[in-house]
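Since the structure comes first, as structure tokens, the remarks are kept for the end.
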2 protein chains.
Amino acid sequence: MRRFITHKTRNLITSTITKTTSPISTTTISPLTAPLRFLSTDSMASDYSSTPITIDTINPKVLKCEYAVRGEIVTLAQKLQQDLKDNPGSHPFDEILYCNIGNPQSLAQQPITFFREVLALCDHPSILDKSETQGLFSADAIERAFQILDQIPGRATGAYSHSQGIKGLRDTIASGIEARDGFPADPNDLFLTDGASPAVHMMMQLLIRSENDGILCPIPQYPLYSASIALHGGTLVPYYLDEQTGWGLEISELEHQLKTAKFKGIDVRALVVINPGNPTGQVLGEANQRDIVEFCKRESLVLLADEVYQENVYVPDKKFHSFKKIARSMGHGEKDISLVSFQSVSKGFYGECGKRGGYMEITGFSPEVREQIYKLASVNLCSNISGQILASLVMSPPKVGDESYESFSAEKEAILSSLARRAKTLEDALNSLEGVTCNRAEGAMYLFPCINLPDKAIKAAEAAKTAPDAFYAKHLLNATGIVVVPGSGFRQVPGTWHFRCTILPQEEKIPAIVSRLTEFHKKFMDEFRG
Amino acid sequence: MRRFITHKTRNLITSTITKTTSPISTTTISPLTAPLRFLSTDSMASDYSSTPITIDTINPKVLKCEYAVRGEIVTLAQKLQQDLKDNPGSHPFDEILYCNIGNPQSLAQQPITFFREVLALCDHPSILDKSETQGLFSADAIERAFQILDQIPGRATGAYSHSQGIKGLRDTIASGIEARDGFPADPNDLFLTDGASPAVHMMMQLLIRSENDGILCPIPQYPLYSASIALHGGTLVPYYLDEQTGWGLEISELEHQLKTAKFKGIDVRALVVINPGNPTGQVLGEANQRDIVEFCKRESLVLLADEVYQENVYVPDKKFHSFKKIARSMGHGEKDISLVSFQSVSKGFYGECGKRGGYMEITGFSPEVREQIYKLASVNLCSNISGQILASLVMSPPKVGDESYESFSAEKEAILSSLARRAKTLEDALNSLEGVTCNRAEGAMYLFPCINLPDKAIKAAEAAKTAPDAFYAKHLLNATGIVVVPGSGFRQVPGTWHFRCTILPQEEKIPAIVSRLTEFHKKFMDEFRG
């Protein structure tokens with residue numbers, strides 16, 4: 001990281017002391033990514049003056065794309081982490097707490113044993129018949145590995161698979177969806193992917209023809225959507241979630257924004273719904289979901305349902321329902337509504353982010369359009385087989401009577417109940433801070449508190465050429481080592497300020513986080529109360 | 001696959017009996033993909049008439065994209081395979097031989113034991129300390145797993161990594177590149193990816209702004225390039241390899257095509273070189289590579305070097321040299337030439353296609369441009385960790401003195417020497433056929449014979465609305481079960497016809513393949529000699 005970070009850090013420093021404006025005026029500039037470009041025409045670039053590609057001649061859609069979850073604040077955090085390593089005691093904290101990203105295992109969450117047993121056995125099948133293996137692996141993991149290998153032509157876990165994923169694994173996933181929803185699922189509707197992100201890109205690539213094509217996205221939104229829409233040259237049509245009603249999704253708001261977009265000549269093609277919400281953590285009610293389905297049908301929109309947090313619901317009064325289940329329960333069949341459901345192995349109680357597994361279930365597309373989606377999948381050949389296997393395991397975990405069932409259930413329950421406690425503790429702590437209000441994390445892995453910043457802080461942020469919530473997040477990081485993502489990275493109602501904080505730090509660290517955050521916030525408010 | 005294949009098959013049948021032309025006249029239509037669209041406005045589509053998305057309203061760049069390696073011939077092969085399963089004896093062969101794709105383990109090549117041992121241990125680290133593990137895994141695999149886990153923050157193989165890949169693994173890969181080339185490699189220049197394909201897409205996304213941006217690609221080419229350029233809306237600027245001189249890459253041809261493209265107003269941004277060649281199998285000479293480097297430098301082009309077959313060289317008079325080594329040996333440093341080298345775990349002697357691992361090494365890009373490449377990588381978070389680990393293993397295999405060294409070397413040598421024998425046998429067999437000439441497979445995994453088809457066959461193909469080489473390939477498949485990819489899927493000198501055939505079927509099956517192919521070819525020529 002040497003050269004890379006050094007450069008980034010220099011940029012960070014420069015961005016706070018110069019008043020340069022970007023040379024590319026047509027590009028949307030966010031305070032989170034803009035600093036990275038401020039040096040493009042000065043000393044650093046000139047060293048590369050004889051190379052063919054400059055920042056001014058790359059694809060402008062790439063420049064336009066933003067991804068705050070791994071943006072400037074994280075780069076600063078990495079620098080501080082290096083500082084702490086090189087000079088212990090150089091900062092008023094002794095570790096960096098990455099609350100910026102839903103990456104459970106990076107914060108010491110342990111993988112589910114059964115899943116990893118099966119993956120290891122599928123990676124090295126030649127040990128399956130050895131006697132020592134019985135002592136190392138549970139009987140049902142060995143049995144499952146055999147089953148899975150039998151579903152793979154030639155047992156070749158090192159071969160490219162069918163571009164939609166191994167058929168037998170898709171059968172298993174389809175059964176899991178049926179068990180979840182109580183409605184049939186077709187393995188031919190499933191496309192296994194390297195996590196949910198490539199699936200989202202694939203759909204955006206299919207749907208977006210030009211900047212006149214719009215995609216309705218919640219605000220606040222997970223920035224994968226804005227990034228993908230920007231990269232494919234489309235227009236993000238925002239609809240605002242209502243913070244006052246617990247990030248409620250109002251059909252009247254969808255109708256209003258759709259009408260506004262149409263008036264501007266935008267052809268709105270799809271509606272993105274993230275349920276449970278990211279970064280907002282709300283879980284939609286069934287009646288609300290039915291209204292959303294009706295809206296999409298009425299307005300002829302593809303419903304892109306981000307359902308990667310389907311196993312992350314923490315409150316007894318809410319339950320996850322897939323949009324496919326809702327649509328089918330309303331009597332809408334395959335040809336009545338175009339629906340894509342995204343699922344991932346990275347979330348849930350498993351949190352296997354590094355495995356890059358996931359799938360999308362596509363229903364309500366004509367065979368000709370499906371052929372084109374298949375072609376897009378085939379250009380990259382297939383997703384990784386370990387991720388495919390894990391996706392099948394996630395949708396078909398051990399059952400009552402299996403040797404691993406009890407330990408599996410205990411691991412699952414321990415993770416989910418701890419996440420629920422952490423969510424509640426952090427929510428309460430945030431709500432106790434001056435000028436901060438925070439909705440419940442009913443689901444997902446995040447809290448998204450609103451911070452009512454004093455005018456003096458907002459002015460100081462303006463002077464530093466940064467968004468007020470980025471200003472707050474940077475101060476928080478420098479004072480406590482806690483990394484959060486400024487609300488501006490997700491977009492928000494103009495003039496309001498937020499940050500996203502995961503509920504993932506180890507439970508024993510939560511009290512220290514709460515006290516550090518509380519102490520920092522008090523000092524920050526005292527300093528800027530004006 | 002039921003519904004999917006049924007539809008495809010119906011299309012295949014329709015395409016041979018109708019004379020419909022595509023409703024979208026602006027789109028390039030290839031005989032390989034066109035049939036998939038012929039039904040778009042008739043009966044099948046009408047069932048989906050109330051859904052929002054039709055073939056006529058999707059992104060036309062997706063329609064334009066073609067990927068023959070998994071195209072129509074493969075769909076027909078899958079149908080025949082199902083036929084054989086449902087009705088054994090229904091065809092004049094008892095198995096389908098997939099020679100269409102470089103997918104060694106699908107044709108029974110076994111994975112390298114050491115690599116799989118390490119992967120399994122990293123998937124399930126809790127067995128590392130168990131006594132049974134000593135009996136199941138080699139000592140150096142256990143040691144390597146410990147080393148790798150120590151390089152991963154928190155030993156978390158289930159966490160998202162740095163978006164360029166785990167730093168310790170990049171260090172290992174950089175050392176491997178240094179050992180290969182004799183010149184320094186910087187781990188910060190490495191971006192680990194889910195195979196080489198996403199890396200190629202990332203560079204195309206960066207470089208292509210509009211259809212006025214061109215990428216020089218060899219013809220014949222691996223269709224990932226034409227597909228990716230089409231998806232990103234650029235223009236493929238062809239340069240023809242000279243079949244007479246063993247698929248020679250002539251600088252005069254590059255200059256001619258560059259000039260022609262410039263005259264048409266195309267801004268040519270990069271040169272793609274595939275070495276060893278795919279589908280053509282040639283290995284470039286050092287002097288030729290120096291000329292290519294000079295050409296890119298002189299013309300200010302990014303050199304995109306597809307070097308995924310770097311370990312697949314079968315002839316004693318040729319040797320692989322990376323373009324970075326060539327450029328550095330000419331005295332060109334970091335800022336003199338912009339160079340991207342693509343590598344993959346899918347090829348070589350390891351052939352781990354299903355693991356989706358690979359990397360690109362980027363040199364000669366300014367820090368600002370690198371930031372943008374980093375941002376593109378970060379939008380998808382990271383590549384899969386097993387693939388990352390495998391990429392490090394491939395670039396740093398067991399060494400003399402390690403417990404696994406001898407068995408590893410024996411496995412490697414057995415695979416590579418067998419591939420060399422298979423290449424030679426198939427090459428000789430092809431050259432013995434009437435009207436067929438075939439250059440040496442000096443490297444890679446393919447032969448790309450030229451077939452001089454009789455006029456009567458060409459006319460019959462025209463009548464069937466298919467390319468003559470696709471016509472030949474279909475007849476070959478129907479008669480023998482051998483799947484090859486028609487040359488038209490890779491592009492070729494107009495009026496010449498080829499097919500790509502891998503050298504990957506098991507060695508003991510090669511004699512039967514040769515005799516089936518020989519017998520078929522004789523009958524085909526007899527039928528169409530006219």
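In the structure tokens, chains take letters A, B, ... by order of appearance, with residues numbered from 1 within each chain and ligands from 1 in the order shown.
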
Contact set, chain A to chain B: 6 Å, only C-alpha atoms, as a PyMOL selection string
chain A and resi 1+48+52+55+58-59+103+105-106+116+120+123-124+132+156+158-160+188+197+206-209+300-301+335+352-356+366+369+380+384-385

Residues of range 239-327 of chain A that have any atom at most 7 Å from an atom of range 441-448 of chain A: could you tabulate them with the shortest-distance atom pair and the distance in Å to one decimal, using only C-alpha atoms, ordered by chain and increasing number, as a Markdown table?
| residue | atom | partner | partner_atom | distance |
| --- | --- | --- | --- | --- |
| A:Pro276 | CA | A:Gly443 | CA | 5.5 |
| A:Gly277 | CA | A:Ala444 | CA | 6.4 |
| A:Asn278 | CA | A:Ala444 | CA | 6.7 |
| A:Pro279 | CA | A:Tyr446 | CA | 5.9 |
| A:Thr280 | CA | A:Phe448 | CA | 5.6 |
| A:Gly281 | CA | A:Ala441 | CA | 4.6 |
| A:Gln282 | CA | A:Glu442 | CA | 5.2 |
| A:Val283 | CA | A:Glu442 | CA | 5.9 |
| A:Tyr309 | CA | A:Ala444 | CA | 5.1 |
| A:Asn312 | CA | A:Ala444 | CA | 5.1 |
| A:Val313 | CA | A:Gly443 | CA | 4.1 |
| A:Tyr314 | CA | A:Glu442 | CA | 5.4 |
| A:Val315 | CA | A:Glu442 | CA | 5.5 |

Give me the residues within 6 Å of range 468-474 of chain A as a VMD selection string, counting only C-alpha atoms and dropping any in the same chain fewer than 3 places off.
chain A and resid 458 461 477 486 497

Expected file: the selected residues, C-alpha atoms, as a tab-separated table (two decimals), in the first residue's frame:
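Saved to selection.tsv:
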chain	number	residue	atom	x	y	z
A	458	ILE	CA	-21.50	23.39	9.27
A	461	ALA	CA	-17.06	22.01	7.27
A	477	LEU	CA	-12.29	8.95	13.54
A	486	PRO	CA	-21.01	9.98	6.29
A	497	TRP	CA	-26.93	15.03	8.11

Among range 260-508 of chain A, which residues does DSSP mark as strand (DSSP E) when it is run on the backbone? Keep the chain and numbering as in the structure and answer as a ChimeraX atom specification.
/A:267-274,302-306,339-344,358-363,436-437,446-447,450-451,482-483,485-486,499-502

For range 76-86 of chain B, list every protein, DNA or RNA residue within 8 Å, evaluated using only C-alpha atoms, and leave out those in the same chain fewer than 4 positions away; present the list as an NGL selection string.
:B and (5 or 9 or 72 or 90-91 or 94-96 or 477 or 481 or 483)

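Put simply, CA of Lys325 in chain B is 26.4 Å away from CA of Gln257 in chain B.
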
Which of range 73-317 of chain A DSSP labels helix (DSSP H, G or I), written as a ChimeraX atom specification
/A:73-86,104-107,113-123,125-127,131-136,139-151,153-155,167-181,187-189,196-207,223-231,243-245,251-263,286-299

Polymer residues at most 8 Å from Thr235 in chain B, only C-alpha atoms, same-chain spacing of 2 or more positions, as a list in words
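The residues satisfying every condition are Glu211, Asn212, Asp213, Gly214, Ile215, Ile229, Ala230, Gly233, Val237 and Ile266 of chain B.
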
Shell around Val400 in chain B at 10 Å using only C-alpha atoms, local window under 5 positions removed, as a list in words
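Those residues are Tyr405, Glu406 and Ser409 of chain B.
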
Writer output for current selection, C-alpha atoms, as a short mmCIF file (atom, residue, chain, number, x, y, z; two decimals), in the first residue's frame:
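Writing the result to part25.cif gives the following:
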data_model
loop_
_atom_site.label_atom_id
_atom_site.label_comp_id
_atom_site.auth_asym_id
_atom_site.auth_seq_id
_atom_site.Cartn_x
_atom_site.Cartn_y
_atom_site.Cartn_z
CA TYR B 405 7.96 -30.56 -4.16
CA GLU B 406 8.45 -33.91 -5.86
CA SER B 409 6.58 -31.39 -9.92
#
